[in-house]
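Coordinates as given in upload_33.csv (CSV, C-alpha atoms):
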chain,number,residue,atom,x,y,z
O,1396,MET,CA,-5.8,20.7,92.7
O,1397,LEU,CA,-9.5,21.3,93.4
O,1398,ASN,CA,-11.9,20.5,90.6
O,1399,TRP,CA,-15.5,21.5,90.1
O,1400,HIS,CA,-16.8,18.5,91.9
O,1401,ASP,CA,-14.7,19.2,95.0
O,1402,VAL,CA,-15.8,22.9,95.0
O,1403,ASN,CA,-19.4,21.8,94.6
O,1404,ASP,CA,-19.1,19.4,97.5
O,1405,MET,CA,-17.6,22.1,99.7
O,1406,LEU,CA,-20.5,24.4,98.8
O,1407,ARG,CA,-22.9,21.8,99.9
O,1408,VAL,CA,-21.4,21.5,103.4
O,1409,HIS,CA,-23.8,22.9,106.0
O,1410,TYR,CA,-22.9,25.4,108.7
O,1411,ALA,CA,-25.5,26.5,111.2
O,1412,GLY,CA,-28.2,24.7,109.3
O,1413,ASN,CA,-27.4,26.2,105.9
O,1414,SER,CA,-25.1,25.3,103.1
O,1415,LEU,CA,-21.9,27.2,102.4
O,1416,ARG,CA,-23.4,28.3,99.1
O,1417,LYS,CA,-26.2,30.1,101.0
O,1418,TRP,CA,-23.8,31.8,103.3
O,1419,LEU,CA,-21.8,33.0,100.4
O,1420,VAL,CA,-24.9,34.4,98.8
O,1421,VAL,CA,-25.6,36.3,102.0
O,1422,VAL,CA,-22.0,37.6,102.0
O,1423,GLY,CA,-22.5,38.6,98.3
O,1424,PHE,CA,-25.6,40.6,99.1
O,1425,VAL,CA,-23.7,42.3,101.9
O,1426,LEU,CA,-20.8,43.2,99.6
O,1427,LEU,CA,-23.2,44.3,96.9
O,1428,GLY,CA,-24.9,46.5,99.6
O,1429,VAL,CA,-21.5,48.1,100.5
O,1430,VAL,CA,-20.7,48.7,96.8
O,1431,ALA,CA,-24.2,50.1,96.1
O,1432,ALA,CA,-24.1,52.3,99.2
O,1433,LEU,CA,-20.7,53.7,98.1
O,1434,PHE,CA,-22.0,54.3,94.6
O,1435,VAL,CA,-25.1,56.1,95.9
O,1436,ARG,CA,-22.9,58.2,98.1
O,1437,PHE,CA,-20.5,59.0,95.2
O,1438,VAL,CA,-23.4,59.9,92.9
O,1439,LEU,CA,-25.0,62.2,95.4
O,1440,THR,CA,-21.9,63.9,96.9
O,1441,ARG,CA,-19.8,64.2,93.8
O,1442,LEU,CA,-21.9,64.1,90.6
O,1443,LEU,CA,-25.2,65.4,91.7
O,1444,ALA,CA,-23.7,68.0,94.1
O,1445,ARG,CA,-21.5,69.3,91.3
O,1446,LEU,CA,-24.6,69.8,89.2
O,1447,THR,CA,-26.6,71.6,92.0
O,1448,ARG,CA,-23.8,74.1,92.5
O,1449,HIS,CA,-24.7,75.7,89.2
O,1450,THR,CA,-28.4,76.3,90.1
O,1451,LYS,CA,-29.6,79.6,91.5
O,1452,THR,CA,-31.2,78.1,94.6
O,1453,GLU,CA,-29.6,76.4,97.6
O,1454,LEU,CA,-32.6,74.1,98.1
O,1455,ASP,CA,-31.2,71.3,95.9
O,1456,ASP,CA,-27.7,71.6,97.5
O,1457,ARG,CA,-29.1,71.3,101.0
O,1458,LEU,CA,-31.3,68.4,100.1
O,1459,VAL,CA,-28.3,66.5,98.6
O,1460,ALA,CA,-26.1,67.3,101.6
O,1461,ALA,CA,-28.9,66.3,104.1
O,1462,THR,CA,-29.9,63.0,102.5
O,1463,SER,CA,-26.7,61.5,101.0
O,1464,MET,CA,-25.5,59.7,104.2
O,1465,PRO,CA,-28.9,58.2,105.3
O,1466,LEU,CA,-29.8,57.2,101.7
O,1467,SER,CA,-26.5,55.3,101.3
O,1468,LEU,CA,-27.1,53.5,104.6
O,1469,LEU,CA,-30.7,52.7,103.5
O,1470,THR,CA,-29.4,51.3,100.3
O,1471,PHE,CA,-27.0,49.0,102.2
O,1472,LEU,CA,-29.8,47.8,104.6
O,1473,GLY,CA,-32.0,47.1,101.6
O,1474,PHE,CA,-29.4,44.7,100.1
O,1475,ALA,CA,-28.7,43.2,103.6
O,1476,HIS,CA,-32.4,42.6,104.0
O,1477,ALA,CA,-32.5,40.8,100.7
O,1478,GLY,CA,-29.6,38.7,101.7
O,1479,LEU,CA,-31.1,37.8,105.1
O,1480,LEU,CA,-34.1,36.2,103.2
O,1481,VAL,CA,-31.8,33.5,101.8
O,1482,PRO,CA,-30.6,31.4,104.8
O,1483,ARG,CA,-32.9,29.2,106.9
O,1484,LEU,CA,-32.7,30.2,110.5
O,1485,PRO,CA,-34.8,29.3,113.5
O,1486,ALA,CA,-38.2,31.0,113.1
O,1487,ARG,CA,-37.9,33.3,116.1
O,1488,LEU,CA,-34.3,34.3,115.2
O,1489,HIS,CA,-35.1,34.8,111.6
O,1490,GLU,CA,-38.1,37.0,112.4
O,1491,LEU,CA,-36.0,39.0,115.0
O,1492,VAL,CA,-33.2,39.7,112.5
O,1493,LEU,CA,-35.6,40.7,109.7
O,1494,ASP,CA,-37.7,42.9,112.0
O,1495,THR,CA,-34.6,44.6,113.4
O,1496,ASN,CA,-33.4,45.3,109.9
O,1497,ALA,CA,-36.8,46.6,109.0
O,1498,VAL,CA,-36.9,48.9,112.1
O,1499,LEU,CA,-33.5,50.3,111.2
O,1500,MET,CA,-34.7,51.0,107.7
O,1501,ALA,CA,-37.8,52.8,109.1
O,1502,LEU,CA,-35.6,54.9,111.4
O,1503,LEU,CA,-33.4,55.9,108.5
O,1504,THR,CA,-36.4,56.7,106.4
O,1505,ALA,CA,-37.6,58.9,109.3
O,1506,VAL,CA,-34.2,60.7,109.4
O,1507,ILE,CA,-34.5,61.4,105.7
O,1508,VAL,CA,-38.0,62.7,106.0
O,1509,TRP,CA,-37.1,64.9,109.0
O,1510,ARG,CA,-34.1,66.3,107.2
O,1511,VAL,CA,-36.1,67.0,104.0
O,1512,LEU,CA,-38.8,68.7,106.0
O,1513,ASP,CA,-36.3,70.9,107.8
O,1514,VAL,CA,-34.7,72.0,104.5
O,1515,LEU,CA,-38.1,72.6,102.9
O,1516,PHE,CA,-39.3,74.8,105.8
O,1517,ASP,CA,-36.0,76.7,105.9
O,1518,GLU,CA,-35.8,77.3,102.2
O,1519,LEU,CA,-39.4,77.6,101.3
O,1520,MET,CA,-41.9,78.0,104.2
O,1521,THR,CA,-39.9,80.5,106.3
O,1522,PRO,CA,-39.1,83.0,103.5
O,1523,TRP,CA,-42.7,82.7,102.2
O,1524,ALA,CA,-44.0,83.5,105.7
O,1525,GLU,CA,-41.7,86.6,105.9
O,1526,ARG,CA,-42.8,87.8,102.4
O,1527,HIS,CA,-46.5,87.3,103.2
O,1528,GLU,CA,-48.5,90.5,103.8
O,1529,PRO,CA,-48.8,90.8,106.7
O,1530,PRO,CA,-45.8,88.6,107.7
O,1531,ILE,CA,-46.8,85.4,109.3
O,1532,ASN,CA,-45.6,84.9,112.9
O,1533,GLN,CA,-42.5,82.7,113.0
O,1534,GLN,CA,-44.0,80.8,115.9
O,1535,VAL,CA,-46.8,79.6,113.6
O,1536,VAL,CA,-44.1,78.4,111.2
O,1537,ALA,CA,-42.3,76.6,114.0
O,1538,VAL,CA,-45.4,74.9,115.3
O,1539,THR,CA,-46.4,73.9,111.8
O,1540,ARG,CA,-42.9,72.4,111.2
O,1541,ALA,CA,-43.0,70.5,114.5
O,1542,ALA,CA,-46.5,69.2,113.8
O,1543,THR,CA,-45.6,68.0,110.3
O,1544,LYS,CA,-42.4,66.3,111.5
O,1545,TRP,CA,-44.1,64.5,114.3
O,1546,THR,CA,-47.0,63.4,112.1
O,1547,ALA,CA,-44.5,61.9,109.7
O,1548,ALA,CA,-42.6,60.3,112.6
O,1549,ALA,CA,-45.8,58.8,114.0
O,1550,PHE,CA,-46.7,57.3,110.6
O,1551,LEU,CA,-43.3,55.8,110.2
O,1552,ALA,CA,-43.3,54.5,113.8
O,1553,VAL,CA,-46.6,52.8,113.3
O,1554,THR,CA,-45.3,51.3,110.1
O,1555,GLY,CA,-42.2,50.1,111.8
O,1556,LEU,CA,-44.1,48.6,114.8
O,1557,HIS,CA,-46.5,46.8,112.5
O,1558,ARG,CA,-43.6,45.3,110.5
O,1559,ALA,CA,-42.0,44.2,113.8
O,1560,GLY,CA,-45.1,42.3,114.7
O,1561,PHE,CA,-46.6,44.6,117.3
O,1562,ASP,CA,-50.4,45.0,117.7
O,1563,VAL,CA,-50.5,48.5,116.3
O,1564,LEU,CA,-54.3,48.9,116.9
O,1565,SER,CA,-53.9,48.2,120.6
O,1566,VAL,CA,-51.0,50.7,120.8
O,1567,ILE,CA,-53.1,53.4,119.0
O,1568,THR,CA,-56.1,52.7,121.2
O,1569,GLY,CA,-53.9,53.0,124.3
O,1570,LEU,CA,-52.4,56.2,123.1
O,1571,GLY,CA,-55.8,57.5,122.3
O,1572,ILE,CA,-57.2,56.9,125.8
O,1573,GLY,CA,-54.0,58.4,127.3
O,1574,GLY,CA,-54.3,61.4,124.9
O,1575,VAL,CA,-57.9,62.0,126.0
O,1576,ALA,CA,-56.8,61.9,129.7
O,1577,VAL,CA,-54.0,64.4,129.0
O,1578,ALA,CA,-56.2,66.7,126.9
O,1579,LEU,CA,-58.8,66.8,129.7
O,1580,ALA,CA,-56.1,67.6,132.3
O,1581,ALA,CA,-54.5,70.3,130.2
O,1582,GLN,CA,-57.5,71.7,128.4
O,1583,GLU,CA,-56.9,75.2,129.7
O,1584,THR,CA,-53.3,75.1,128.4
O,1585,LEU,CA,-54.4,73.6,125.1
O,1586,GLY,CA,-57.1,76.2,124.8
O,1587,ASN,CA,-54.5,79.0,125.3
O,1588,ILE,CA,-52.1,77.4,122.7
O,1589,LEU,CA,-54.9,77.1,120.1
O,1590,GLY,CA,-55.9,80.7,120.9
O,1591,GLY,CA,-52.3,81.8,120.4
O,1592,LEU,CA,-52.1,80.0,117.0
O,1593,GLN,CA,-55.4,81.7,116.0
O,1594,ILE,CA,-54.1,85.1,117.0
O,1595,MET,CA,-50.8,84.6,115.1
O,1596,THR,CA,-52.6,83.4,112.0
O,1597,ASP,CA,-55.3,86.1,111.9
O,1598,GLN,CA,-52.9,88.8,113.2
O,1599,PRO,CA,-55.4,91.3,114.6
O,1600,PHE,CA,-52.4,93.0,116.1
O,1601,VAL,CA,-48.6,92.9,116.1
O,1602,VAL,CA,-46.0,93.6,118.8
O,1603,GLY,CA,-46.1,97.4,119.4
O,1604,ASP,CA,-49.8,97.9,118.7
O,1605,VAL,CA,-52.0,99.4,121.4
O,1606,ILE,CA,-55.1,97.3,121.9
O,1607,ARG,CA,-58.2,97.0,124.2
O,1608,ILE,CA,-59.6,93.6,125.1
O,1609,ASP,CA,-63.4,93.5,126.0
O,1610,ASN,CA,-63.1,96.9,127.8
O,1611,ASP,CA,-61.2,94.9,130.5
O,1612,TYR,CA,-57.5,95.3,129.5
O,1613,SER,CA,-55.7,97.9,127.3
O,1614,GLY,CA,-52.1,98.7,126.6
O,1615,ARG,CA,-49.2,98.2,124.2
O,1616,VAL,CA,-48.4,94.7,123.1
O,1617,LEU,CA,-45.0,93.8,124.4
O,1618,LYS,CA,-44.8,90.1,123.5
O,1619,MET,CA,-46.9,87.4,121.9
O,1620,GLY,CA,-46.5,83.8,123.0
O,1621,LEU,CA,-48.2,80.6,122.4
O,1622,ARG,CA,-49.9,80.6,125.9
O,1623,SER,CA,-50.3,84.3,126.6
O,1624,THR,CA,-49.8,87.9,125.4
O,1625,ARG,CA,-48.1,90.5,127.5
O,1626,LEU,CA,-49.3,94.2,127.6
O,1627,MET,CA,-47.9,97.4,129.0
O,1628,THR,CA,-50.5,99.9,130.2
O,1629,THR,CA,-50.0,103.6,130.1
O,1630,ALA,CA,-49.3,103.5,133.8
O,1631,GLY,CA,-46.3,101.2,133.2
O,1632,VAL,CA,-48.0,98.0,134.6
O,1633,GLN,CA,-47.5,94.8,132.7
O,1634,ILE,CA,-50.5,92.6,132.2
O,1635,VAL,CA,-50.4,88.9,131.1
O,1636,VAL,CA,-53.6,88.0,129.3
O,1637,PRO,CA,-54.3,84.3,128.3
O,1638,ASN,CA,-54.6,83.8,124.6
O,1639,LYS,CA,-57.9,81.9,125.0
O,1640,LYS,CA,-59.5,85.1,126.4
O,1641,ILE,CA,-58.1,87.2,123.6
O,1642,ALA,CA,-59.2,84.8,120.8
O,1643,SER,CA,-62.8,85.0,122.0
O,1644,ALA,CA,-62.9,88.7,123.0
O,1645,VAL,CA,-64.0,91.9,121.2
O,1646,LEU,CA,-60.7,93.4,120.3
O,1647,GLN,CA,-60.0,97.1,119.5
O,1648,ASN,CA,-56.7,98.0,117.8
O,1649,PHE,CA,-55.8,101.7,118.1
O,1650,SER,CA,-52.7,101.5,115.9
O,1651,ASN,CA,-52.5,102.0,112.2
O,1652,PRO,CA,-49.8,102.8,109.6
O,1653,ASN,CA,-50.0,106.5,110.6
O,1654,GLY,CA,-49.3,105.8,114.2
O,1655,PHE,CA,-51.4,105.6,117.4
O,1656,VAL,CA,-55.0,106.7,116.9
O,1657,LYS,CA,-56.5,109.2,119.3
O,1658,ASP,CA,-60.3,109.5,118.9
O,1659,VAL,CA,-61.7,112.2,121.3
O,1660,THR,CA,-65.1,113.8,121.5
O,1661,LEU,CA,-65.3,117.3,122.9
O,1662,GLN,CA,-68.8,118.0,124.3
O,1663,LEU,CA,-69.5,121.6,123.8
O,1664,ASP,CA,-72.4,123.7,125.1
O,1665,ARG,CA,-75.7,122.6,123.7
O,1666,LEU,CA,-76.7,126.3,123.1
O,1667,LEU,CA,-73.9,127.2,120.7
O,1668,SER,CA,-75.0,128.4,117.3
O,1669,ALA,CA,-74.1,126.9,114.0
O,1670,GLU,CA,-71.6,129.7,113.3
O,1671,GLN,CA,-70.0,129.2,116.7
O,1672,LEU,CA,-69.6,125.4,116.0
O,1673,ARG,CA,-68.0,126.2,112.7
O,1674,GLN,CA,-65.6,128.5,114.5
O,1675,ALA,CA,-64.9,125.8,117.2
O,1676,LYS,CA,-64.0,123.4,114.4
O,1677,VAL,CA,-61.5,125.9,112.9
O,1678,LEU,CA,-60.0,126.6,116.3
O,1679,VAL,CA,-59.4,122.9,117.1
O,1680,GLU,CA,-58.0,122.3,113.6
O,1681,ASP,CA,-55.6,125.1,114.2
O,1682,VAL,CA,-54.4,123.5,117.4
O,1683,LEU,CA,-53.8,120.2,115.6
O,1684,ARG,CA,-52.1,121.9,112.7
O,1685,ASN,CA,-49.6,123.6,115.1
O,1686,GLU,CA,-48.8,120.4,117.0
O,1687,PRO,CA,-45.5,118.9,115.6
O,1688,ARG,CA,-45.9,115.5,117.2
O,1689,ILE,CA,-49.0,114.4,115.2
O,1690,CYS,CA,-49.5,113.5,111.6
O,1691,SER,CA,-51.0,116.1,109.2
O,1692,ASP,CA,-53.8,113.7,108.5
O,1693,PHE,CA,-56.4,114.6,111.1
O,1694,SER,CA,-60.1,115.4,111.1
O,1695,VAL,CA,-62.5,117.6,113.2
O,1696,THR,CA,-66.2,117.1,112.6
O,1697,ILE,CA,-69.6,117.7,114.3
O,1698,SER,CA,-70.6,114.2,115.2
O,1699,GLY,CA,-74.0,114.9,116.6
O,1700,PHE,CA,-76.1,116.6,119.3
O,1701,GLY,CA,-76.9,115.1,122.7
O,1702,ASP,CA,-79.5,116.0,125.3
O,1703,TRP,CA,-77.1,118.6,126.7
O,1704,SER,CA,-74.2,118.9,124.3
O,1705,SER,CA,-73.0,119.5,120.8
O,1706,ASN,CA,-70.4,116.9,120.0
O,1707,LEU,CA,-67.2,117.8,118.2
O,1708,ARG,CA,-65.2,114.6,117.2
O,1709,VAL,CA,-61.4,114.9,116.9
O,1710,ILE,CA,-59.3,112.2,115.3
O,1711,TYR,CA,-55.6,112.4,114.9
O,1712,TYR,CA,-52.5,110.1,114.8
O,1713,VAL,CA,-49.3,110.1,116.9
O,1714,PRO,CA,-46.4,108.4,115.0
O,1715,LYS,CA,-44.4,107.8,118.2
O,1716,LEU,CA,-46.4,105.7,120.8
O,1717,ASP,CA,-44.3,107.1,123.7
O,1718,ASP,CA,-45.5,110.6,122.8
O,1719,ALA,CA,-49.2,109.7,122.7
O,1720,THR,CA,-50.1,110.5,126.3
O,1721,ALA,CA,-48.2,113.7,126.5
O,1722,THR,CA,-49.5,114.8,123.1
O,1723,ALA,CA,-53.1,114.1,124.1
O,1724,HIS,CA,-52.6,116.2,127.3
O,1725,ASP,CA,-51.2,119.2,125.4
O,1726,VAL,CA,-53.8,119.0,122.6
O,1727,LEU,CA,-56.8,118.9,125.0
O,1728,LEU,CA,-55.4,121.8,127.1
O,1729,ALA,CA,-54.7,123.9,124.0
O,1730,ALA,CA,-58.1,123.2,122.6
O,1731,ARG,CA,-59.8,124.0,125.9
O,1732,GLU,CA,-57.9,127.3,126.1
O,1733,ARG,CA,-58.7,128.4,122.6
O,1734,LEU,CA,-62.4,127.6,123.0
O,1735,ALA,CA,-62.6,129.4,126.3
O,1736,THR,CA,-60.9,132.5,124.9
O,1737,ALA,CA,-63.5,132.5,122.1
O,1738,GLY,CA,-66.3,132.3,124.6
O,1739,MET,CA,-67.3,128.7,123.8
O,1740,GLY,CA,-67.7,126.6,127.0
O,1741,LEU,CA,-67.8,122.9,127.4
O,1742,ALA,CA,-71.1,121.1,128.2
O,1743,VAL,CA,-72.2,120.3,131.7
O,1744,PRO,CA,-72.2,117.9,133.5
O,1745,SER,CA,-69.6,116.0,131.4
O,1746,VAL,CA,-66.5,117.9,130.2
O,1747,VAL,CA,-64.5,115.5,128.0
O,1748,GLN,CA,-65.3,112.0,127.0
O,1749,ALA,CA,-62.3,110.1,125.7
O,1750,GLN,CA,-63.2,107.3,123.3
O,1751,THR,CA,-59.9,105.5,123.5
O,1752,GLY,CA,-59.8,104.9,127.2
O,1753,GLN,CA,-56.1,105.7,127.3
I'd like the structure from this file rewritten - as structure tokens, please.
Amino acid sequence: MLNWHDVNDMLRVHYAGNSLRKWLVVVGFVLLGVVAALFVRFVLTRLLARLTRHTKTELDDRLVAATSMPLSLLTFLGFAHAGLLVPRLPARLHELVLDTNAVLMALLTAVIVWRVLDVLFDELMTPWAERHEPPINQQVVAVTRAATKWTAAAFLAVTGLHRAGFDVLSVITGLGIGGVAVALAAQETLGNILGGLQIMTDQPFVVGDVIRIDNDYSGRVLKMGLRSTRLMTTAGVQIVVPNKKIASAVLQNFSNPNGFVKDVTLQLDRLLSAEQLRQAKVLVEDVLRNEPRICSDFSVTISGFGDWSSNLRVIYYVPKLDDATATAHDVLLAARERLATAGMGLAVPSVVQAQTGQ
């Protein structure tokens, strides 16, 4: 029968350069790690999950579900790391084992951080962006999410590489030089992407609005992307405008909550009397009042006197964008007819000057 001295002698026997006692301590840490990992898993998936079911939000439920497995594995690796500090191994082997374990722990930490960020963006950031007035473009949210996740990943990668013995400063310097080269090669694309983010953040227009860019391009916005914005002109031609140009341009938006804005100046004969101008205003207002395709909120005012004209400014709104061109056509013809019948001619040499360019 074994006595204490025999057991003690057995524990002193060396295997692979370490006593049996040390190897048993390592095994003990591993078993403790397994038990601790199972306990963490049980607490998170059974006890804590049961409590989170009674809350009004799904945030805590999703956080528990997303992190329970990597947290339990991280707990096991923590105990394993402590156990690996006990035995004496060849310096290179010992360093390799510890560094490998540290890198695995860093990867699991990255997984936890990524999953937590995904849940936070899904449950908090995305709904907030939708509730915001005006709503924040979802591409901005997606880019912010990706940038946050990759920033966290880069930090954890640098930490893991440093722990593994790499010269992190040299790596960062090399990446910095490479990044500058890539940025110089792709500066046009980067400029368009930054311009797209600026547009989506400031939101000077949304899909469906009719805009004009620096008097060069005008049309209805069909699609907003990170690199470019697509317009449809009144002639049915699609134009793709780089976001970098839009971000630095003078932008006119002809859409508002009442619909598409039509702003037209009728240049009447310079010799018309004040009474005739008042009558012209009434006639044009009557034309607008009897046009069913426009909003009741319109205005007709004398906007000024030119060298050869008396200017009558007409502003009205068309709720349906597809009706805007046809409506403008009918309104101008009806106004011209009513004015001509009343003996009020248009100015010469210019007949009609359209402010919107549509």
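Atom to atom, CA of Ser1650 in chain O and CA of Ser1613 in chain O stand 12.3 Å apart.
Close contacts of Ala1719 in chain O, defined as residues with an atom at most 12 Å away when counting only C-alpha atoms, with chain neighbours fewer than 6 positions off set aside, comprise Val1605, Arg1615, Thr1629, Phe1649, Ser1650, Gly1654, Phe1655, Val1656, Lys1657, Asp1658, Arg1688, Ile1689, Cys1690, Tyr1711, Tyr1712, Val1713, Asp1725, Val1726, Thr1751 and Gln1753 of chain O.
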For this session: Point out the residue among O:His1476, O:Ile1608, O:Ala1644, O:Leu1446 with the least atom-to-atom distance to Asp1494 in chain O, counting all atoms listed in the file.
Result: O:His1476
Residues near Ile1507 in chain O, cut-off 10 Å, all atoms listed in the file, skip fewer than 2 positions along chain, as a PDB file with C-alpha atoms, in the coordinates of the input:
ATOM      1  CA  LEU O1458     -31.300  68.400 100.100  1.00  0.00           C
ATOM      2  CA  ALA O1461     -28.900  66.300 104.100  1.00  0.00           C
ATOM      3  CA  THR O1462     -29.900  63.000 102.500  1.00  0.00           C
ATOM      4  CA  SER O1463     -26.700  61.500 101.000  1.00  0.00           C
ATOM      5  CA  MET O1464     -25.500  59.700 104.200  1.00  0.00           C
ATOM      6  CA  PRO O1465     -28.900  58.200 105.300  1.00  0.00           C
ATOM      7  CA  LEU O1466     -29.800  57.200 101.700  1.00  0.00           C
ATOM      8  CA  LEU O1469     -30.700  52.700 103.500  1.00  0.00           C
ATOM      9  CA  ALA O1501     -37.800  52.800 109.100  1.00  0.00           C
ATOM     10  CA  LEU O1502     -35.600  54.900 111.400  1.00  0.00           C
ATOM     11  CA  LEU O1503     -33.400  55.900 108.500  1.00  0.00           C
ATOM     12  CA  THR O1504     -36.400  56.700 106.400  1.00  0.00           C
ATOM     13  CA  ALA O1505     -37.600  58.900 109.300  1.00  0.00           C
ATOM     14  CA  TRP O1509     -37.100  64.900 109.000  1.00  0.00           C
ATOM     15  CA  ARG O1510     -34.100  66.300 107.200  1.00  0.00           C
ATOM     16  CA  VAL O1511     -36.100  67.000 104.000  1.00  0.00           C
ATOM     17  CA  LEU O1512     -38.800  68.700 106.000  1.00  0.00           C
ATOM     18  CA  ASP O1513     -36.300  70.900 107.800  1.00  0.00           C
TER      19      ASP O1513
END
Problem set entry | Residue with smallest distance to Thr1521 in chain O - pool O:Ala1729, O:Val1538, O:Val1438, O:Leu1621, counting only C-alpha atoms |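 Of all the options, O:Val1538 lies closest to Thr1521 in chain O.
Among O:Leu1734, O:Ala1460, O:Val1492, O:Leu1427, the residue with the shortest atom-to-atom distance to Leu1443 in chain O, counting only C-alpha atoms, is O:Ala1460.
Interatomic distance, CA of Asp1664 in chain O to CA of Leu1741 in chain O: 5.2 Å.
Put simply, CA of Arg1625 in chain O is 26.7 Å away from CA of Pro1522 in chain O.
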Exercise. Which one is closest to Asp1604 in chain O: O:Ala1444, O:Leu1646, O:Leu1419, O:Ala1742? Count all atoms listed in the file.
Worked result: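 Checking each candidate against Asp1604 in chain O, we get O:Leu1646 as the closest.
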Exercise. Taking (-76.0, 122.9, 117.6) in the file's coordinates, which residues come within 6 Å, counting only C-alpha atoms, written as JSON, numbers by chain?
Worked result: {"O": [1667, 1668, 1669, 1705]}
For this session: Tell me which of O:Asp1692, O:Met1619, O:Pro1599, O:Tyr1612 sits closest to Asn1648 in chain O, counting all atoms listed in the file.
Result: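 Closest residue, counting all atoms listed in the file: O:Pro1599.
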For this session: List every protein, DNA or RNA residue with an atom no more than 10 Å from (-33.5, 31.8, 105.6) in the file's coordinates, counting all atoms listed in the file, and format the result as a list in words.
Result: Gly1412, Asn1413, Lys1417, Trp1418, Val1421, Gly1478, Leu1479, Leu1480, Val1481, Pro1482, Arg1483, Leu1484, Pro1485, Ala1486, Leu1488, His1489 and Glu1490 of chain O
List every residue of range 1623-1654 of chain O that has an atom at most 9 Å from any atom of range 1591-1595 of chain O, and for each one report the closest atom pair and its distance in Å to one decimal, counting only C-alpha atoms, with rows sorted by chain and then by increasing residue number, as a Markdown table.
| residue | atom | partner | partner_atom | distance |
| --- | --- | --- | --- | --- |
| O:Ser1623 | CA | O:Gly1591 | CA | 7.0 |
| O:Thr1624 | CA | O:Gly1591 | CA | 8.3 |
| O:Pro1637 | CA | O:Gly1591 | CA | 8.5 |
| O:Asn1638 | CA | O:Gly1591 | CA | 5.2 |
| O:Lys1639 | CA | O:Gly1591 | CA | 7.2 |
| O:Ile1641 | CA | O:Ile1594 | CA | 8.0 |
| O:Ala1642 | CA | O:Ile1594 | CA | 6.4 |
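You can rank O:Val1506, O:Phe1516, O:Thr1722, O:Ile1634 by their closest distance to Ala1548 in chain O using all atoms listed in the file, and at the top of that list sits O:Val1506.
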